[in-house]
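Engineer: So that you have it, the file is run-v5.pdb, and it contains PDB, C-alpha atoms:
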ATOM      1  CA  MET A   1      96.086 -24.581  17.805  1.00  0.00           C
ATOM      2  CA  PRO A   2      99.004 -22.082  17.892  1.00  0.00           C
ATOM      3  CA  ILE A   3      99.776 -22.791  14.210  1.00  0.00           C
ATOM      4  CA  LEU A   4      96.231 -21.832  13.238  1.00  0.00           C
ATOM      5  CA  VAL A   5      96.523 -18.582  15.173  1.00  0.00           C
ATOM      6  CA  LEU A   6      99.866 -17.897  13.489  1.00  0.00           C
ATOM      7  CA  LEU A   7      98.377 -18.528  10.041  1.00  0.00           C
ATOM      8  CA  LEU A   8      95.425 -16.264  10.829  1.00  0.00           C
ATOM      9  CA  VAL A   9      97.715 -13.464  12.036  1.00  0.00           C
ATOM     10  CA  ALA A  10      99.936 -13.871   8.959  1.00  0.00           C
ATOM     11  CA  GLY A  11      96.927 -13.728   6.630  1.00  0.00           C
ATOM     12  CA  VAL A  12      95.583 -10.580   8.305  1.00  0.00           C
ATOM     13  CA  ALA A  13      99.042  -8.955   8.194  1.00  0.00           C
ATOM     14  CA  GLU A  14      99.444  -9.818   4.475  1.00  0.00           C
ATOM     15  CA  LEU A  15      96.034  -8.358   3.705  1.00  0.00           C
ATOM     16  CA  ALA A  16      96.745  -5.209   5.714  1.00  0.00           C
ATOM     17  CA  VAL A  17     100.058  -4.637   3.881  1.00  0.00           C
ATOM     18  CA  LEU A  18      98.396  -5.181   0.485  1.00  0.00           C
ATOM     19  CA  VAL A  19      95.602  -2.718   1.281  1.00  0.00           C
ATOM     20  CA  ALA A  20      98.014  -0.124   2.693  1.00  0.00           C
ATOM     21  CA  LEU A  21     100.365  -0.405  -0.288  1.00  0.00           C
ATOM     22  CA  GLY A  22      97.428  -0.320  -2.713  1.00  0.00           C
ATOM     23  CA  GLN A  23      96.189   2.898  -1.131  1.00  0.00           C
ATOM     24  CA  ALA A  24      99.664   4.431  -1.139  1.00  0.00           C
ATOM     25  CA  ILE A  25     100.760   3.659  -4.726  1.00  0.00           C
ATOM     26  CA  GLY A  26      97.626   2.420  -6.442  1.00  0.00           C
ATOM     27  CA  LEU A  27      96.211  -0.911  -7.601  1.00  0.00           C
ATOM     28  CA  LEU A  28      98.232  -1.493 -10.789  1.00  0.00           C
ATOM     29  CA  PRO A  29     101.653  -0.717  -9.256  1.00  0.00           C
ATOM     30  CA  THR A  30     100.810  -3.001  -6.318  1.00  0.00           C
ATOM     31  CA  ILE A  31      99.927  -5.851  -8.681  1.00  0.00           C
ATOM     32  CA  GLY A  32     103.081  -5.067 -10.685  1.00  0.00           C
ATOM     33  CA  LEU A  33     105.218  -5.346  -7.540  1.00  0.00           C
ATOM     34  CA  LEU A  34     103.606  -8.701  -6.703  1.00  0.00           C
ATOM     35  CA  VAL A  35     104.353 -10.002 -10.199  1.00  0.00           C
ATOM     36  CA  LEU A  36     107.921  -8.624 -10.087  1.00  0.00           C
ATOM     37  CA  ALA A  37     108.539 -10.333  -6.734  1.00  0.00           C
ATOM     38  CA  ALA A  38     107.185 -13.621  -8.112  1.00  0.00           C
ATOM     39  CA  VAL A  39     109.389 -13.434 -11.230  1.00  0.00           C
ATOM     40  CA  LEU A  40     112.496 -12.499  -9.226  1.00  0.00           C
ATOM     41  CA  GLY A  41     111.720 -15.229  -6.690  1.00  0.00           C
ATOM     42  CA  SER A  42     111.262 -17.925  -9.326  1.00  0.00           C
ATOM     43  CA  TRP A  43     114.547 -16.938 -10.989  1.00  0.00           C
ATOM     44  CA  LEU A  44     116.381 -17.035  -7.642  1.00  0.00           C
ATOM     45  CA  LEU A  45     114.697 -20.315  -6.756  1.00  0.00           C
ATOM     46  CA  ARG A  46     115.872 -21.938  -9.980  1.00  0.00           C
ATOM     47  CA  ARG A  47     119.421 -20.571  -9.679  1.00  0.00           C
ATOM     48  CA  GLU A  48     119.922 -21.450  -6.005  1.00  0.00           C
ATOM     49  CA  GLY A  49     118.228 -24.826  -6.400  1.00  0.00           C
ATOM     50  CA  ARG A  50     120.577 -25.826  -9.210  1.00  0.00           C
ATOM     51  CA  ARG A  51     123.607 -24.586  -7.298  1.00  0.00           C
ATOM     52  CA  THR A  52     122.593 -26.513  -4.185  1.00  0.00           C
ATOM     53  CA  LEU A  53     121.883 -29.664  -6.186  1.00  0.00           C
ATOM     54  CA  GLY A  54     125.388 -29.406  -7.650  1.00  0.00           C
ATOM     55  CA  GLU A  55     126.812 -29.059  -4.145  1.00  0.00           C
ATOM     56  CA  VAL A  56     124.903 -32.167  -3.018  1.00  0.00           C
ATOM     57  CA  ARG A  57     126.319 -34.107  -5.960  1.00  0.00           C
ATOM     58  CA  GLU A  58     129.821 -32.872  -5.149  1.00  0.00           C
ATOM     59  CA  ALA A  59     129.430 -33.898  -1.497  1.00  0.00           C
ATOM     60  CA  ALA A  60     128.272 -37.359  -2.587  1.00  0.00           C
ATOM     61  CA  ARG A  61     131.197 -37.648  -4.997  1.00  0.00           C
ATOM     62  CA  MET A  62     133.628 -36.657  -2.229  1.00  0.00           C
ATOM     63  CA  ARG A  63     131.852 -39.076   0.171  1.00  0.00           C
ATOM     64  CA  ARG A  64     131.305 -36.470   2.840  1.00  0.00           C
ATOM     65  CA  PRO A  65     128.112 -35.665   4.754  1.00  0.00           C
ATOM     66  CA  ALA A  66     125.857 -33.242   2.898  1.00  0.00           C
ATOM     67  CA  ASP A  67     124.061 -31.844   5.934  1.00  0.00           C
ATOM     68  CA  ARG A  68     124.730 -28.212   4.984  1.00  0.00           C
ATOM     69  CA  GLU A  69     123.559 -28.773   1.423  1.00  0.00           C
ATOM     70  CA  ILE A  70     120.432 -30.653   2.501  1.00  0.00           C
ATOM     71  CA  SER A  71     119.470 -27.939   4.977  1.00  0.00           C
ATOM     72  CA  ASP A  72     120.084 -25.334   2.256  1.00  0.00           C
ATOM     73  CA  GLY A  73     117.770 -27.303  -0.035  1.00  0.00           C
ATOM     74  CA  MET A  74     115.061 -27.330   2.630  1.00  0.00           C
ATOM     75  CA  LEU A  75     115.400 -23.587   3.165  1.00  0.00           C
ATOM     76  CA  ILE A  76     115.305 -22.960  -0.594  1.00  0.00           C
ATOM     77  CA  ALA A  77     112.121 -25.016  -0.859  1.00  0.00           C
ATOM     78  CA  ALA A  78     110.599 -23.047   2.022  1.00  0.00           C
ATOM     79  CA  GLY A  79     111.604 -19.810   0.297  1.00  0.00           C
ATOM     80  CA  GLY A  80     109.966 -20.973  -2.931  1.00  0.00           C
ATOM     81  CA  LEU A  81     106.779 -21.834  -1.060  1.00  0.00           C
ATOM     82  CA  LEU A  82     106.717 -18.410   0.581  1.00  0.00           C
ATOM     83  CA  ILE A  83     107.150 -16.699  -2.796  1.00  0.00           C
ATOM     84  CA  VAL A  84     104.252 -18.657  -4.286  1.00  0.00           C
ATOM     85  CA  LEU A  85     101.950 -17.437  -1.498  1.00  0.00           C
ATOM     86  CA  PRO A  86     100.358 -14.099  -2.370  1.00  0.00           C
ATOM     87  CA  GLY A  87     101.489 -11.127  -0.319  1.00  0.00           C
ATOM     88  CA  PHE A  88     104.493  -8.921   0.235  1.00  0.00           C
ATOM     89  CA  LEU A  89     105.505 -10.173   3.670  1.00  0.00           C
ATOM     90  CA  SER A  90     105.738 -13.777   2.487  1.00  0.00           C
ATOM     91  CA  ASP A  91     107.570 -12.637  -0.675  1.00  0.00           C
ATOM     92  CA  ILE A  92     110.142 -10.738   1.384  1.00  0.00           C
ATOM     93  CA  ALA A  93     110.642 -13.708   3.717  1.00  0.00           C
ATOM     94  CA  GLY A  94     110.942 -16.059   0.711  1.00  0.00           C
ATOM     95  CA  LEU A  95     113.448 -13.813  -1.051  1.00  0.00           C
ATOM     96  CA  LEU A  96     115.519 -13.591   2.125  1.00  0.00           C
ATOM     97  CA  LEU A  97     115.612 -17.390   2.353  1.00  0.00           C
ATOM     98  CA  LEU A  98     116.760 -17.596  -1.254  1.00  0.00           C
ATOM     99  CA  LEU A  99     119.724 -15.259  -0.722  1.00  0.00           C
ATOM    100  CA  PRO A 100     122.843 -17.193   0.399  1.00  0.00           C
ATOM    101  CA  PRO A 101     123.998 -14.846   3.220  1.00  0.00           C
ATOM    102  CA  THR A 102     120.643 -14.740   5.006  1.00  0.00           C
ATOM    103  CA  ARG A 103     120.094 -18.440   4.349  1.00  0.00           C
ATOM    104  CA  ALA A 104     123.434 -19.166   6.068  1.00  0.00           C
ATOM    105  CA  LEU A 105     122.288 -17.252   9.156  1.00  0.00           C
ATOM    106  CA  VAL A 106     118.988 -19.145   9.269  1.00  0.00           C
ATOM    107  CA  ARG A 107     120.806 -22.461   8.695  1.00  0.00           C
ATOM    108  CA  LYS A 108     123.192 -21.828  11.610  1.00  0.00           C
ATOM    109  CA  ARG A 109     120.320 -20.996  13.928  1.00  0.00           C
ATOM    110  CA  MET A 110     118.373 -24.036  12.712  1.00  0.00           C
ATOM    111  CA  MET A 111     121.370 -26.326  13.306  1.00  0.00           C
ATOM    112  CA  ARG A 112     121.909 -24.915  16.812  1.00  0.00           C
ATOM    113  CA  ALA A 113     118.260 -25.553  17.645  1.00  0.00           C
ATOM    114  CA  ALA A 114     118.499 -29.113  16.269  1.00  0.00           C
ATOM    115  CA  GLU A 115     121.638 -29.808  18.303  1.00  0.00           C
ATOM    116  CA  LYS A 116     119.952 -28.456  21.430  1.00  0.00           C
ATOM    117  CA  ARG A 117     116.910 -30.674  20.812  1.00  0.00           C
ATOM    118  CA  ALA A 118     119.137 -33.723  20.216  1.00  0.00           C
ATOM    119  CA  LYS A 119     120.942 -33.064  23.502  1.00  0.00           C
ATOM    120  CA  GLN A 120     117.588 -32.846  25.317  1.00  0.00           C
ATOM    121  CA  MET A 121     116.534 -36.169  23.777  1.00  0.00           C
ATOM    122  CA  GLN A 122     119.815 -37.809  24.828  1.00  0.00           C
ATOM    123  CA  ASP A 123     119.286 -36.541  28.373  1.00  0.00           C
ATOM    124  CA  GLN A 124     115.758 -37.975  28.389  1.00  0.00           C
ATOM    125  CA  VAL A 125     116.997 -41.390  27.208  1.00  0.00           C
ATOM    126  CA  TRP A 126     119.718 -41.394  29.857  1.00  0.00           C
ATOM    127  CA  LEU A 127     117.191 -40.444  32.550  1.00  0.00           C
ATOM    128  CA  HIS A 128     114.841 -43.264  31.542  1.00  0.00           C
ATOM    129  CA  GLN A 129     117.728 -45.742  31.514  1.00  0.00           C
ATOM    130  CA  GLN A 130     118.681 -44.698  35.039  1.00  0.00           C
ATOM    131  CA  ARG A 131     115.099 -45.105  36.242  1.00  0.00           C
ATOM    132  CA  PHE A 132     114.911 -48.548  34.626  1.00  0.00           C
ATOM    133  CA  ASN A 133     118.175 -49.643  36.239  1.00  0.00           C
ATOM    134  CA  ARG A 134     117.076 -48.365  39.684  1.00  0.00           C
ATOM    135  CA  SER A 135     113.753 -50.221  39.447  1.00  0.00           C
ATOM    136  CA  GLY A 136     115.559 -53.558  39.308  1.00  0.00           C
ATOM    137  CA  GLY A 137     115.601 -54.106  35.564  1.00  0.00           C
ATOM    138  CA  ARG A 138     118.797 -55.093  33.838  1.00  0.00           C
ATOM    139  CA  PRO A 139     119.674 -54.312  30.234  1.00  0.00           C
ATOM    140  CA  GLY A 140     120.271 -58.028  29.585  1.00  0.00           C
ATOM    141  CA  ASP A 141     116.710 -59.034  30.526  1.00  0.00           C
ATOM    142  CA  PHE A 142     115.519 -58.935  26.928  1.00  0.00           C
ATOM    143  CA  ILE A 143     115.411 -61.966  24.643  1.00  0.00           C
ATOM    144  CA  ASP A 144     115.549 -61.407  20.914  1.00  0.00           C
ATOM    145  CA  GLY A 145     113.458 -63.905  19.013  1.00  0.00           C
ATOM    146  CA  GLU A 146     110.769 -64.503  16.458  1.00  0.00           C
ATOM    147  CA  VAL A 147     107.293 -65.891  17.148  1.00  0.00           C
ATOM    148  CA  ILE A 148     105.700 -68.303  14.694  1.00  0.00           C
ATOM    149  CA  ASP A 149     102.110 -69.393  15.240  1.00  0.00           C
ATOM    150  CA  GLU A 150     101.483 -72.899  13.861  1.00  0.00           C
ATOM    151  CA  ASP A 151      97.752 -73.220  14.306  1.00  0.00           C
ATOM    152  CA  ASP A 152      96.661 -75.447  11.435  1.00  0.00           C
ATOM    153  CA  GLY A 153      94.107 -77.380  13.534  1.00  0.00           C
ATOM    154  CA  SER A 154      96.022 -80.664  13.631  1.00  0.00           C
ATOM    155  CA  ALA A 155      97.552 -82.223  16.731  1.00  0.00           C
ATOM    156  CA  SER A 156     101.303 -81.912  17.001  1.00  0.00           C
ATOM    157  CA  SER A 157     103.825 -83.955  18.919  1.00  0.00           C
ATOM    158  CA  GLY A 158     105.545 -80.821  20.237  1.00  0.00           C
ATOM    159  CA  PRO A 159     103.878 -78.088  22.239  1.00  0.00           C
ATOM    160  CA  ALA A 160     100.126 -77.994  22.590  1.00  0.00           C
ATOM    161  CA  ALA A 161      98.279 -77.041  19.399  1.00  0.00           C
ATOM    162  CA  GLY A 162      97.875 -73.310  19.033  1.00  0.00           C
ATOM    163  CA  THR A 163     100.841 -72.514  21.296  1.00  0.00           C
ATOM    164  CA  PRO A 164     103.308 -70.161  19.616  1.00  0.00           C
ATOM    165  CA  ILE A 165     106.805 -71.488  19.033  1.00  0.00           C
ATOM    166  CA  ILE A 166     109.601 -69.032  19.779  1.00  0.00           C
ATOM    167  CA  LEU A 167     112.587 -69.388  17.481  1.00  0.00           C
ATOM    168  CA  PRO A 168     115.913 -67.578  17.797  1.00  0.00           C
ATOM    169  CA  PRO A 169     116.535 -64.755  15.318  1.00  0.00           C
ATOM    170  CA  GLN A 170     117.712 -65.612  11.792  1.00  0.00           C
ATOM    171  CA  SER A 171     121.333 -64.714  12.579  1.00  0.00           C
ATOM    172  CA  ALA A 172     121.426 -67.196  15.491  1.00  0.00           C
ATOM    173  CA  ARG A 173     119.887 -69.954  13.350  1.00  0.00           C
ATOM    174  CA  ALA A 174     122.403 -69.321  10.590  1.00  0.00           C
ATOM    175  CA  GLU A 175     125.300 -69.823  13.022  1.00  0.00           C
ATOM    176  CA  ARG A 176     124.231 -73.368  13.886  1.00  0.00           C
ATOM    177  CA  LEU A 177     125.972 -75.460  11.272  1.00  0.00           C
ATOM    178  CA  ASP A 178     125.068 -78.852  12.769  1.00  0.00           C
ATOM    179  CA  GLU A 179     121.311 -78.369  12.227  1.00  0.00           C
ATOM    180  CA  PRO A 180     119.628 -78.393   8.835  1.00  0.00           C
ATOM    181  CA  PRO A 181     118.037 -75.046   7.901  1.00  0.00           C
ATOM    182  CA  GLN A 182     114.338 -74.758   8.804  1.00  0.00           C
ATOM    183  CA  ARG A 183     111.914 -73.525   6.174  1.00  0.00           C
TER     184      ARG A 183
END
Hey, can you dump this file as structure tokens for me?
Structural biologist:
Amino acid sequence: MPILVLLLVAGVAELAVLVALGQAIGLLPTIGLLVLAAVLGSWLLRREGRRTLGEVREAARMRRPADREISDGMLIAAGGLLIVLPGFLSDIAGLLLLLPPTRALVRKRMMRAAEKRAKQMQDQVWLHQQRFNRSGGRPGDFIDGEVIDEDDGSASSGPAAGTPIILPPQSARAERLDEPPQR
């Protein structure tokens, strides 16, 4: 629900700015400014997108993580989306995301928020592990296996018909050299 309210507020704000600017400078100059912002934004989008793609390729060639380049690519895509939307507020926000200095500020804040969220998730996992251990469960209580249901209607000499057979995982079966492989 909050996202719908945010979109509604943004739409009303965009409309209010367009009407106010249209009254201040006229209809044709307002439309001209919208077109100029779109042309400038598409040029910046193309230039920054190519530069970032080159940086991603360079990071891959150097075999280093490309987290900065990937986040830049996401911010460039968001900036392009904002420029495509009609209105001056979205155009200004999109142009700011396409400029490298402001994009670096947004990227740093975004990375800090992601690190904070990851730390919260780690704390939650640790808390649940502690609760599990205190309730009497042990981490070794789990058995890894694969269930195969052999219900073909015929009687078998093994378990009762229709009873699932639990086999060890593939890696455990592959380690047993004395048994023929099962298919």
Engineer: Segment 27-36 of chain A: which residues within 8 Å, counting all atoms listed in the file, same-chain residues fewer than 3 positions away excluded, as a list of chain:residue names?
Structural biologist: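 Using all atoms listed in the file, the neighbours found are A:Leu18, A:Leu21, A:Gly22, A:Gln23, A:Val39, A:Leu40, A:Pro86, A:Gly87, A:Phe88.
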Engineer: Extract, using all atoms listed in the file, all DNA, RNA and protein residues at most 8 Å from segment 42-57 of chain A, discarding same-chain residues fewer than 2 positions from it, and format them as a VMD selection string.
Structural biologist: chain A and resid 38 to 40 59 to 61 66 69 to 70 72 to 73 76 to 77 79 to 80 83 95 98 to 99
Engineer: What is the atom CA of Ala113 of chain A to atom CA of Pro101 of chain A distance in Å?
Structural biologist: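 Atom-to-atom, atom CA of Ala113 of chain A to atom CA of Pro101 of chain A, that is 18.9 Å.
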Engineer: Counting only C-alpha atoms, figure out which residue out of A:Glu58, A:Leu7, A:Met110, A:Ser90 gets nearest to Met74 of chain A.
Structural biologist: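 Closest to Met74 of chain A, using only C-alpha atoms: A:Met110.
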Engineer: Nearest to Ala10 of chain A: which of A:Val106, A:Arg68, A:Leu89, A:Ile25 is it, counting all atoms listed in the file?
Structural biologist: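 Nearest to Ala10 of chain A: A:Leu89.
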Engineer: Is it possible to get the axis-aligned box enclosing segment 85-104 of chain A (all listed atoms, 5 Å extra per side) as AutoDock Vina command-line options, with centre and edge lengths in Å rounded to one decimal?
Structural biologist:
--center_x 112.2 --center_y -14.0 --center_z 1.8 --size_x 33.6 --size_y 20.2 --size_z 18.4
